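S.K.: Data: data_29.tsv, TSV, C-alpha atoms.
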```
chain	number	residue	atom	x	y	z
A	1	MET	CA	-119.83	14.80	45.37
A	2	ALA	CA	-123.15	16.37	44.44
A	3	HIS	CA	-125.43	13.33	44.59
A	4	HIS	CA	-123.85	11.58	47.51
A	5	ALA	CA	-125.02	11.21	51.06
A	6	ALA	CA	-123.28	13.69	53.29
A	7	ASN	CA	-119.89	12.38	54.34
A	8	THR	CA	-120.30	13.32	57.95
A	9	PRO	CA	-119.03	10.62	60.32
A	10	ALA	CA	-122.03	8.70	61.63
A	11	GLN	CA	-122.74	8.31	65.30
A	12	VAL	CA	-122.34	4.86	66.76
A	13	GLY	CA	-125.36	2.75	65.92
A	14	GLU	CA	-126.70	5.30	63.44
A	15	ILE	CA	-126.22	4.58	59.74
A	16	PRO	CA	-127.58	7.00	57.10
A	17	LYS	CA	-130.06	5.69	54.52
A	18	PRO	CA	-128.53	4.51	51.25
A	19	ASN	CA	-128.62	6.92	48.31
A	20	THR	CA	-128.49	4.62	45.29
A	21	GLY	CA	-130.86	6.16	42.74
A	22	TRP	CA	-128.05	7.57	40.60
A	23	ILE	CA	-126.28	4.16	40.55
A	24	TRP	CA	-129.29	2.32	39.15
A	25	LYS	CA	-129.95	5.11	36.66
A	26	THR	CA	-126.40	4.75	35.30
A	27	PHE	CA	-126.82	0.96	35.27
A	28	PHE	CA	-129.98	1.15	33.15
A	29	ILE	CA	-128.29	3.54	30.69
A	30	LEU	CA	-125.38	1.06	30.29
A	31	VAL	CA	-127.76	-1.90	29.83
A	32	ALA	CA	-129.87	0.03	27.30
A	33	ILE	CA	-126.81	0.97	25.22
A	34	THR	CA	-125.51	-2.63	25.28
A	35	ALA	CA	-128.94	-3.99	24.27
A	36	LEU	CA	-129.10	-1.49	21.40
A	37	GLU	CA	-125.63	-2.61	20.25
A	38	PHE	CA	-126.83	-6.21	20.02
A	39	LEU	CA	-129.97	-5.16	18.19
A	40	LEU	CA	-127.85	-3.30	15.62
A	41	ALA	CA	-125.41	-6.23	15.33
A	42	PHE	CA	-128.24	-8.40	13.98
A	43	THR	CA	-130.45	-5.95	12.10
A	44	MET	CA	-127.97	-3.67	10.31
A	45	PRO	CA	-125.70	-4.71	7.44
A	46	ALA	CA	-122.03	-4.65	8.44
A	47	GLY	CA	-120.02	-1.70	7.22
A	48	THR	CA	-118.28	1.51	8.11
A	49	PHE	CA	-121.55	3.21	9.12
A	50	ARG	CA	-122.48	0.46	11.61
A	51	ASN	CA	-118.93	0.39	12.98
A	52	SER	CA	-118.97	4.15	13.59
A	53	ILE	CA	-122.27	3.80	15.49
A	54	PHE	CA	-120.66	1.05	17.61
A	55	ILE	CA	-117.63	3.23	18.37
A	56	VAL	CA	-119.80	6.22	19.34
A	57	MET	CA	-121.86	4.00	21.67
A	58	THR	CA	-118.69	2.53	23.20
A	59	ILE	CA	-117.36	5.99	23.99
A	60	LEU	CA	-120.76	6.88	25.47
A	61	LYS	CA	-120.61	3.80	27.73
A	62	ALA	CA	-117.03	4.65	28.69
A	63	PHE	CA	-118.18	8.17	29.61
A	64	PHE	CA	-120.85	6.88	32.00
A	65	ILE	CA	-118.51	4.36	33.65
A	66	VAL	CA	-115.67	6.85	34.12
A	67	ALA	CA	-117.78	9.90	34.99
A	68	GLU	CA	-120.28	8.29	37.35
A	69	PHE	CA	-118.93	4.96	38.62
A	70	MET	CA	-115.31	6.13	38.84
A	71	HIS	CA	-116.50	9.54	39.97
A	72	LEU	CA	-114.19	11.48	37.65
A	73	LYS	CA	-116.96	13.98	36.79
A	74	HIS	CA	-116.90	15.18	40.40
A	75	GLU	CA	-113.11	15.55	40.69
A	76	THR	CA	-111.20	18.79	40.11
A	77	LYS	CA	-110.78	20.05	36.53
A	78	SER	CA	-107.01	19.55	36.60
A	79	LEU	CA	-107.39	15.86	37.50
A	80	ILE	CA	-110.00	15.36	34.74
A	81	TRP	CA	-107.62	16.83	32.13
A	82	THR	CA	-104.65	14.88	33.51
A	83	ILE	CA	-106.54	11.69	32.66
A	84	LEU	CA	-108.26	12.79	29.44
A	85	ILE	CA	-105.36	14.39	27.52
A	86	PRO	CA	-103.14	11.25	27.45
A	87	MET	CA	-106.20	9.20	26.43
A	88	ALA	CA	-106.95	11.60	23.56
A	89	LEU	CA	-103.36	11.19	22.34
A	90	LEU	CA	-103.84	7.40	22.43
A	91	VAL	CA	-106.90	7.72	20.19
A	92	TRP	CA	-104.67	9.61	17.76
A	93	LEU	CA	-102.13	6.76	17.88
A	94	LEU	CA	-104.91	4.24	17.26
A	95	VAL	CA	-106.26	6.08	14.21
A	96	ALA	CA	-102.75	6.59	12.82
A	97	LEU	CA	-101.75	2.92	13.14
A	98	VAL	CA	-105.04	1.58	11.78
A	99	SER	CA	-104.53	3.60	8.60
A	100	GLU	CA	-100.89	2.45	8.60
A	101	GLY	CA	-102.18	-1.15	8.68
A	102	SER	CA	-104.35	-0.49	5.64
A	103	SER	CA	-101.30	0.85	3.77
A	104	ILE	CA	-99.21	-2.20	4.70
A	105	GLY	CA	-102.00	-4.51	3.52
A	106	GLU	CA	-102.32	-2.51	0.30
A	107	ALA	CA	-98.56	-2.80	-0.29
A	108	ILE	CA	-98.54	-6.57	0.38
A	109	PHE	CA	-101.57	-7.56	-1.70
A	110	ASN	CA	-101.32	-5.11	-4.61
A	111	ALA	CA	-97.57	-4.59	-5.04
A	112	PHE	CA	-97.24	-6.83	-8.11
A	113	LYS	CA	-100.55	-6.16	-9.81
B	114	MET	CA	-87.41	11.31	56.77
B	115	SER	CA	-84.64	13.01	54.87
B	116	THR	CA	-86.61	16.13	54.04
B	117	THR	CA	-84.50	18.33	56.29
B	118	SER	CA	-81.28	17.68	54.40
B	119	THR	CA	-80.77	20.73	52.17
B	120	THR	CA	-83.20	23.54	52.78
B	121	GLN	CA	-83.58	23.36	56.53
B	122	THR	CA	-80.97	24.72	58.89
B	123	LEU	CA	-80.38	23.18	62.27
B	124	SER	CA	-81.85	26.13	64.13
B	125	SER	CA	-85.19	25.78	62.34
B	126	SER	CA	-85.77	22.23	63.48
B	127	ALA	CA	-88.33	23.41	65.98
B	128	THR	CA	-90.63	24.56	63.16
B	129	LEU	CA	-90.88	20.96	61.91
B	130	GLU	CA	-93.36	20.26	64.68
B	131	LYS	CA	-95.96	22.35	62.87
B	132	PRO	CA	-97.82	20.89	59.85
B	133	ARG	CA	-96.61	22.26	56.54
B	134	THR	CA	-99.20	24.62	55.14
B	135	GLY	CA	-97.36	26.85	52.63
B	136	THR	CA	-98.14	26.60	48.90
B	137	TRP	CA	-94.61	25.42	48.05
B	138	ASP	CA	-94.20	23.50	51.27
B	139	GLY	CA	-96.51	20.54	50.67
B	140	GLY	CA	-99.52	22.33	52.10
B	141	ASN	CA	-101.28	22.65	48.77
B	142	GLU	CA	-103.56	19.91	47.39
B	143	PRO	CA	-104.32	20.91	43.80
B	144	PHE	CA	-106.24	17.73	42.90
B	145	LYS	CA	-108.14	17.57	46.20
B	146	ALA	CA	-107.77	13.81	46.12
B	147	SER	CA	-105.97	11.62	48.62
B	148	TYR	CA	-102.52	10.25	47.82
B	149	GLY	CA	-103.79	6.69	47.45
B	150	LYS	CA	-106.63	7.56	45.08
B	151	LEU	CA	-104.40	9.78	42.97
B	152	MET	CA	-101.81	7.04	42.62
B	153	MET	CA	-104.57	4.58	41.65
B	154	TRP	CA	-105.67	6.98	38.91
B	155	PHE	CA	-102.10	7.24	37.59
B	156	PHE	CA	-101.65	3.47	37.73
B	157	LEU	CA	-104.88	3.02	35.79
B	158	LEU	CA	-103.69	5.56	33.22
B	159	SER	CA	-100.50	3.54	32.70
B	160	ASP	CA	-102.57	0.34	32.51
B	161	ALA	CA	-104.75	2.01	29.89
B	162	PHE	CA	-101.58	2.55	27.83
B	163	THR	CA	-100.97	-1.21	27.86
B	164	PHE	CA	-104.49	-2.05	26.76
B	165	ALA	CA	-104.44	0.71	24.16
B	166	ALA	CA	-101.22	-0.82	22.80
B	167	PHE	CA	-103.01	-4.16	22.47
B	168	LEU	CA	-106.03	-2.66	20.74
B	169	THR	CA	-103.87	-0.50	18.47
B	170	ALA	CA	-101.87	-3.60	17.46
B	171	TYR	CA	-105.19	-5.37	16.82
B	172	GLY	CA	-106.38	-2.52	14.58
B	173	LEU	CA	-103.13	-2.41	12.61
B	174	ILE	CA	-102.94	-6.19	12.11
B	175	ARG	CA	-106.60	-6.49	11.18
B	176	HIS	CA	-106.32	-3.78	8.53
B	177	ARG	CA	-103.12	-5.35	7.22
B	178	HIS	CA	-105.14	-8.52	6.38
B	179	LEU	CA	-107.83	-8.89	3.74
B	180	ALA	CA	-111.44	-8.48	4.84
B	181	TYR	CA	-114.12	-11.01	3.92
B	182	VAL	CA	-116.18	-9.67	1.03
B	183	GLY	CA	-119.38	-11.38	0.03
B	184	ASP	CA	-122.56	-12.64	1.57
B	185	PRO	CA	-122.16	-13.14	5.35
B	186	LYS	CA	-124.44	-16.20	5.11
B	187	ALA	CA	-121.98	-17.93	2.80
B	188	PHE	CA	-119.02	-17.20	5.12
B	189	GLU	CA	-116.49	-19.98	5.56
B	190	PHE	CA	-113.37	-20.03	7.74
B	191	SER	CA	-110.16	-19.44	5.83
B	192	THR	CA	-106.67	-18.27	6.64
B	193	ALA	CA	-106.86	-15.97	3.60
B	194	TYR	CA	-108.99	-13.30	5.27
B	195	TRP	CA	-109.98	-11.97	8.72
B	196	PRO	CA	-113.02	-13.85	10.13
B	197	ILE	CA	-116.40	-12.28	10.95
B	198	PRO	CA	-116.53	-12.36	14.79
B	199	GLU	CA	-120.14	-13.53	15.07
B	200	LYS	CA	-119.26	-16.60	12.98
B	201	VAL	CA	-116.43	-17.48	15.40
B	202	PHE	CA	-118.12	-16.74	18.73
B	203	ASN	CA	-121.48	-18.43	18.20
B	204	ALA	CA	-121.44	-21.23	20.79
B	205	PHE	CA	-123.18	-21.33	24.17
B	206	PRO	CA	-122.24	-23.91	26.84
B	207	GLY	CA	-124.94	-26.59	26.99
B	208	PHE	CA	-126.29	-25.81	23.52
B	209	HIS	CA	-123.99	-27.93	21.42
B	210	GLY	CA	-124.18	-27.30	17.69
B	211	VAL	CA	-126.77	-24.50	17.98
B	212	ASP	CA	-125.83	-21.28	16.19
B	213	LEU	CA	-126.19	-18.53	18.83
B	214	PRO	CA	-123.99	-15.67	17.62
B	215	LEU	CA	-122.56	-13.48	20.40
B	216	ALA	CA	-125.09	-14.81	22.95
B	217	PHE	CA	-122.45	-16.01	25.42
B	218	VAL	CA	-120.39	-12.84	25.20
B	219	ALA	CA	-123.61	-10.84	25.75
B	220	LEU	CA	-124.15	-12.76	28.98
B	221	MET	CA	-120.52	-12.14	30.04
B	222	THR	CA	-120.88	-8.41	29.34
B	223	MET	CA	-124.04	-8.22	31.45
B	224	ILE	CA	-122.36	-10.07	34.33
B	225	LEU	CA	-119.42	-7.65	34.30
B	226	ILE	CA	-121.63	-4.53	34.13
B	227	PHE	CA	-123.64	-5.92	37.02
B	228	SER	CA	-120.50	-6.56	39.07
B	229	SER	CA	-119.55	-2.92	38.46
B	230	VAL	CA	-122.90	-1.82	39.89
B	231	THR	CA	-122.52	-3.95	43.03
B	232	MET	CA	-119.02	-2.47	43.41
B	233	VAL	CA	-120.39	1.13	43.37
B	234	LEU	CA	-122.97	0.03	45.92
B	235	ALA	CA	-120.16	-1.29	48.14
B	236	VAL	CA	-118.28	2.03	47.82
B	237	GLU	CA	-121.47	3.95	48.62
B	238	ALA	CA	-122.07	1.78	51.69
B	239	GLY	CA	-118.47	2.40	52.77
B	240	GLN	CA	-119.01	6.17	52.64
B	241	ARG	CA	-121.94	5.67	55.05
B	242	MET	CA	-119.72	3.45	57.30
B	243	ASP	CA	-122.30	0.66	56.88
B	244	LYS	CA	-120.18	-2.44	57.50
B	245	ALA	CA	-122.95	-5.00	56.83
B	246	ASP	CA	-123.82	-3.41	53.46
B	247	VAL	CA	-120.16	-3.22	52.42
B	248	GLN	CA	-119.80	-6.93	53.18
B	249	LYS	CA	-122.98	-7.79	51.26
B	250	TRP	CA	-122.08	-5.84	48.10
B	251	LEU	CA	-118.44	-6.97	48.13
B	252	LEU	CA	-119.64	-10.58	48.23
B	253	TRP	CA	-121.96	-9.97	45.25
B	254	THR	CA	-119.08	-8.35	43.35
B	255	ILE	CA	-116.80	-11.33	44.08
B	256	LEU	CA	-119.58	-13.69	42.94
B	257	PHE	CA	-120.15	-11.88	39.62
B	258	GLY	CA	-116.42	-11.46	39.02
B	259	ALA	CA	-115.77	-15.15	39.62
B	260	THR	CA	-118.65	-16.04	37.28
B	261	PHE	CA	-117.13	-13.83	34.59
B	262	VAL	CA	-113.70	-15.51	34.88
B	263	SER	CA	-115.36	-18.95	34.74
B	264	CYS	CA	-117.28	-17.93	31.60
B	265	GLN	CA	-114.02	-16.80	30.06
B	266	ALA	CA	-112.47	-20.18	30.85
B	267	LEU	CA	-115.36	-21.88	29.01
B	268	GLU	CA	-114.96	-19.47	26.09
B	269	TRP	CA	-111.23	-20.23	25.89
B	270	SER	CA	-111.67	-23.99	26.07
B	271	HIS	CA	-114.24	-23.86	23.25
B	272	PHE	CA	-111.97	-21.62	21.17
B	273	ILE	CA	-109.02	-23.98	21.70
B	274	GLU	CA	-111.07	-27.12	21.01
B	275	GLY	CA	-112.75	-25.74	17.89
B	276	THR	CA	-115.63	-27.06	15.79
B	277	GLU	CA	-116.13	-30.66	14.68
B	278	ALA	CA	-115.86	-29.78	11.00
B	279	GLY	CA	-112.58	-27.90	11.40
B	280	THR	CA	-110.96	-26.01	8.53
B	281	LYS	CA	-108.87	-27.28	5.64
B	282	MET	CA	-105.46	-25.65	5.93
B	283	ALA	CA	-103.07	-24.68	3.12
B	284	ASP	CA	-101.23	-28.05	3.28
B	285	GLY	CA	-104.52	-29.96	2.83
B	286	SER	CA	-104.85	-31.18	6.43
B	287	ILE	CA	-107.93	-30.49	8.57
B	288	PHE	CA	-107.22	-28.38	11.68
B	289	HIS	CA	-109.53	-27.99	14.69
B	290	GLY	CA	-109.50	-25.15	17.19
B	291	ALA	CA	-106.61	-22.85	17.87
B	292	ASN	CA	-103.14	-22.54	19.35
B	293	LEU	CA	-100.57	-19.75	19.14
B	294	ALA	CA	-99.14	-21.00	15.83
B	295	MET	CA	-102.31	-21.75	13.86
B	296	ASN	CA	-106.09	-21.70	14.16
B	297	GLN	CA	-109.11	-22.83	12.17
B	298	TYR	CA	-110.85	-19.44	12.21
B	299	GLY	CA	-108.52	-17.21	10.25
B	300	PRO	CA	-104.95	-15.89	10.04
B	301	PRO	CA	-102.63	-17.11	12.88
B	302	LEU	CA	-102.51	-13.60	14.38
B	303	PHE	CA	-106.30	-13.68	14.93
B	304	GLY	CA	-105.88	-16.47	17.48
B	305	ASP	CA	-102.81	-14.83	19.04
B	306	LEU	CA	-104.62	-11.53	19.55
B	307	PHE	CA	-107.63	-13.33	21.02
B	308	PHE	CA	-105.43	-15.12	23.57
B	309	PHE	CA	-103.38	-12.05	24.46
B	310	ILE	CA	-106.15	-9.44	24.70
B	311	THR	CA	-108.80	-11.52	26.49
B	312	GLY	CA	-106.10	-13.26	28.54
B	313	PHE	CA	-104.61	-9.99	29.72
B	314	HIS	CA	-108.07	-8.73	30.61
B	315	GLY	CA	-108.89	-11.99	32.43
B	316	THR	CA	-105.67	-11.64	34.44
B	317	HIS	CA	-106.82	-8.20	35.50
B	318	VAL	CA	-110.21	-9.55	36.58
B	319	PHE	CA	-108.43	-12.27	38.56
B	320	SER	CA	-106.18	-9.70	40.30
B	321	GLY	CA	-109.30	-7.67	41.08
B	322	LEU	CA	-110.91	-10.75	42.62
B	323	CYS	CA	-107.87	-11.25	44.87
B	324	LEU	CA	-108.06	-7.60	46.01
B	325	LEU	CA	-111.83	-7.87	46.59
B	326	THR	CA	-111.46	-11.06	48.62
B	327	TRP	CA	-108.77	-9.40	50.73
B	328	SER	CA	-110.90	-6.28	51.30
B	329	PHE	CA	-113.89	-8.47	52.22
B	330	ILE	CA	-111.77	-10.19	54.89
B	331	ALA	CA	-110.48	-6.80	56.12
B	332	THR	CA	-114.04	-5.43	56.27
B	333	THR	CA	-115.20	-8.46	58.22
B	334	ASN	CA	-112.30	-8.10	60.65
B	335	GLY	CA	-113.28	-4.45	61.19
B	336	THR	CA	-109.98	-3.08	59.84
B	337	PHE	CA	-111.63	-0.22	57.92
B	338	GLU	CA	-114.16	0.41	60.70
B	339	LYS	CA	-111.25	0.99	63.12
B	340	ARG	CA	-109.43	3.13	60.54
B	341	GLY	CA	-112.48	5.37	60.35
B	342	HIS	CA	-112.96	5.21	56.55
B	343	TYR	CA	-113.42	2.74	53.70
B	344	GLU	CA	-111.05	4.44	51.27
B	345	MET	CA	-109.39	1.12	50.42
B	346	VAL	CA	-112.74	-0.13	49.08
B	347	GLU	CA	-112.98	3.03	46.95
B	348	LYS	CA	-109.50	2.47	45.49
B	349	ILE	CA	-110.24	-1.17	44.68
B	350	GLY	CA	-113.53	0.06	43.23
B	351	LEU	CA	-111.64	2.37	40.84
B	352	TYR	CA	-109.58	-0.60	39.67
B	353	TRP	CA	-112.65	-2.80	39.26
B	354	HIS	CA	-114.49	-0.19	37.15
B	355	PHE	CA	-111.40	0.18	35.00
B	356	VAL	CA	-111.47	-3.57	34.29
B	357	ASP	CA	-115.14	-3.22	33.31
B	358	LEU	CA	-114.23	-0.25	31.11
B	359	VAL	CA	-111.56	-2.24	29.30
B	360	TRP	CA	-114.08	-5.01	28.64
B	361	VAL	CA	-116.44	-2.44	27.03
B	362	PHE	CA	-113.67	-1.66	24.52
B	363	VAL	CA	-112.56	-5.29	24.02
B	364	PHE	CA	-116.20	-6.24	23.45
B	365	THR	CA	-116.68	-3.58	20.74
B	366	PHE	CA	-113.40	-4.04	18.90
B	367	PHE	CA	-113.06	-7.80	19.16
B	368	TYR	CA	-116.66	-9.05	19.04
B	369	LEU	CA	-118.84	-6.39	17.39
B	370	VAL	CA	-116.83	-4.52	14.75
```
As structure tokens - that is how I would like this structure written.

M.R.:
Amino acid sequence: MAHHAANTPAQVGEIPKPNTGWIWKTFFILVAITALEFLLAFTMPAGTFRNSIFIVMTILKAFFIVAEFMHLKHETKSLIWTILIPMALLVWLLVALVSEGSSIGEAIFNAFK
Amino acid sequence: MSTTSTTQTLSSSATLEKPRTGTWDGGNEPFKASYGKLMMWFFLLSDAFTFAAFLTAYGLIRHRHLAYVGDPKAFEFSTAYWPIPEKVFNAFPGFHGVDLPLAFVALMTMILIFSSVTMVLAVEAGQRMDKADVQKWLLWTILFGATFVSCQALEWSHFIEGTEAGTKMADGSIFHGANLAMNQYGPPLFGDLFFFITGFHGTHVFSGLCLLTWSFIATTNGTFEKRGHYEMVEKIGLYWHFVDLVWVFVFTFFYLV
């Protein structure tokens, strides 16, 4: 809760000033990354290299949404790992099944050549 | 409460009056998060499994099909290979026949990111117990969320209707648009995955809108003010950011890559 207004209960009729600088900063980072993705989509030739840049930028955007907007960065370490470890295993599943798909395609299209 | 059934003896019933504070007695809070927020996190984790299953299926099926090789400018729709997304999603409502690749989905992405920002602002206002600000930012979030769902409806109707030229199918007939059995853009599974992935995401946005509308009414009625905290807005905020997060991944894997 580092960059939040103090959570002390306000007196009646007294509302603390908003503390929104960090929100807009995160917003501009997200917009900048998305704009860069569109720029690359039209200026770079398609291929594995461009796709890996897209994936890195997606993970970067996911980090800012989860860490700042969903506040996970400011939770306890055990909660952070409880969320992150299952997600890491899902990335493993994704990579495994994408390569499995390539093998199936290979088997279907090249079996009788 | 049936907690006294096995470990407690009758004579110790007087100690139940005191709050439980022991480490193994429910007095320990290892995650330092409230019950409701913790359960929202675990629900979102399970929801992430569902979306990951969709995206994993998409990756497998896409790699199982042939990719288009050749000059992107000479690209034509065919059921023989997977289409290039920017050739499929190149329409913008009101600009009929103009080739604007990914422009509409760019607008949708911006709307959803913006709704996420107004949601954080609502949560922040709730932590300051500022009822008027919570109402204001919740209304903005509802507005952007509703705009996003409407944009998705336009996107779907264009996808289903298809282009005027259509695509010549294997049996020689010309087919326009898409349904679950066939589509003019590529292999049948391309259309199916589009409907299922964006449809499932749209359903989530719609559920979020229902929750937001309810919390706006509750804020206006002073329910959270009386309760002394706006934690419900924070929990709905977690859900709403998750929906935005899923869109970030759908956007990359369905529209960009």

S.K.: Closest to B:Tyr171 among B:Trp195, B:Gly350, B:Pro143, B:Thr326, using all atoms listed in the file?

M.R.: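 Of B:Trp195, B:Gly350, B:Pro143, B:Thr326, the one nearest B:Tyr171 is B:Trp195, counting all atoms listed in the file.
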
S.K.: Just checking: using only C-alpha atoms, which residue out of A:Ala32, A:Ile23, A:Ala46, A:Met70 ends up closest to B:Met153?

M.R.: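 So, comparing all the options, the nearest one is A:Met70.
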
S.K.: Counting all atoms listed in the file, what is within 8 Å of stretch 93-108 of chain A, bar same-chain residues fewer than 2 positions away, as an MDAnalysis selection string?

M.R.: (chainID A and resid 89:91 110:111) or (chainID B and resid 165 168:170 172:179)

S.K.: Of the residues A:Phe27, A:Leu72, A:Trp22, A:Trp92, which is the one nearest to chain B, using all atoms listed in the file?

M.R.: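 For chain B, the nearest of the candidates is A:Phe27.
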
S.K.: Could you name the residues that touch stretch 35-45 of chain A at 8 Å or less, counting all atoms listed in the file, but leaving out those on the same chain fewer than 6 positions away, as an NGL selection string?

M.R.: (:A and (54 or 57)) or (:B and (369))

S.K.: Can you tell me, as a ChimeraX atom specification, what residues are no more than 12 Å from B:Val218 when counting only C-alpha atoms, ignoring any on the same chain fewer than 2 positions away?

M.R.: /A:34,38 /B:198-199,201-206,213-216,220-225,261,264-265,267-269,311,360-361,363-365,367-369

S.K.: Would you list the contacts of A:Trp24 as a ChimeraX atom specification, taking every protein, DNA or RNA residue within 12 Å and counting all atoms listed in the file, but skipping same-chain residues closer than 5 positions in sequence?

M.R.: /A:19,29-31,64,68-69 /B:226-227,229-231,233-234

S.K.: Can you tell me which residues surround A:Ile65 at a distance of at most 9 Å, considering all atoms listed in the file, apart from same-chain residues fewer than 5 positions away, and format the answer as a list of chain:residue names?

M.R.: A:Thr26, A:Leu30, A:Leu60, A:Met70, A:His71, B:Ser229, B:His354, B:Phe355, B:Asp357, B:Leu358

S.K.: Ranking B:Ile287, B:Leu293, B:Val370, B:Val356 by minimum distance to chain A and counting all atoms listed in the file, which one comes first?

M.R.: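 Closest to chain A, using all atoms listed in the file: B:Val370.
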
S.K.: In Å to one decimal, how far is atom CA of B:Gly183 from atom CA of B:Phe272?

M.R.: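 Separation of atom CA of B:Phe272 and atom CA of B:Gly183: 24.6 Å.
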
S.K.: Grab the atom CA of B:Pro301 to atom CA of B:Gly315 distance for me, in Å with one decimal place.

M.R.: 21.2 Å

S.K.: Atom CA of B:Ile273 to atom CA of B:Asp160: how many Å, to one decimal?

M.R.: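 These atoms are spaced 27.4 Å apart.
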
S.K.: Can you work out which one of A:Phe49, A:Ser78, A:Val56, A:Gly21 has the shortest atom-to-atom distance to chain B, counting all atoms listed in the file?

M.R.: A:Ser78

S.K.: Select, from B:Ala266, B:Leu351, B:Leu302, B:Ile255, the residue with the minimum atom-to-atom distance to B:Ser228, counting only C-alpha atoms.

M.R.: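 With only C-alpha atoms as the atom set, the closest residue is B:Ile255.
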
S.K.: Using only C-alpha atoms and a cutoff of 12 Å, can you tell me which residues are near (-114.1, 20.6, 40.0) in the file's coordinates, and write them out as a list in words?

M.R.: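 I get Met1, Ala2, His71, Leu72, Lys73, His74, Glu75, Thr76, Lys77, Ser78, Leu79, Ile80 and Trp81 of chain A; Pro143, Phe144, Lys145 and Ala146 of chain B for the residues within 12 Å of that point.
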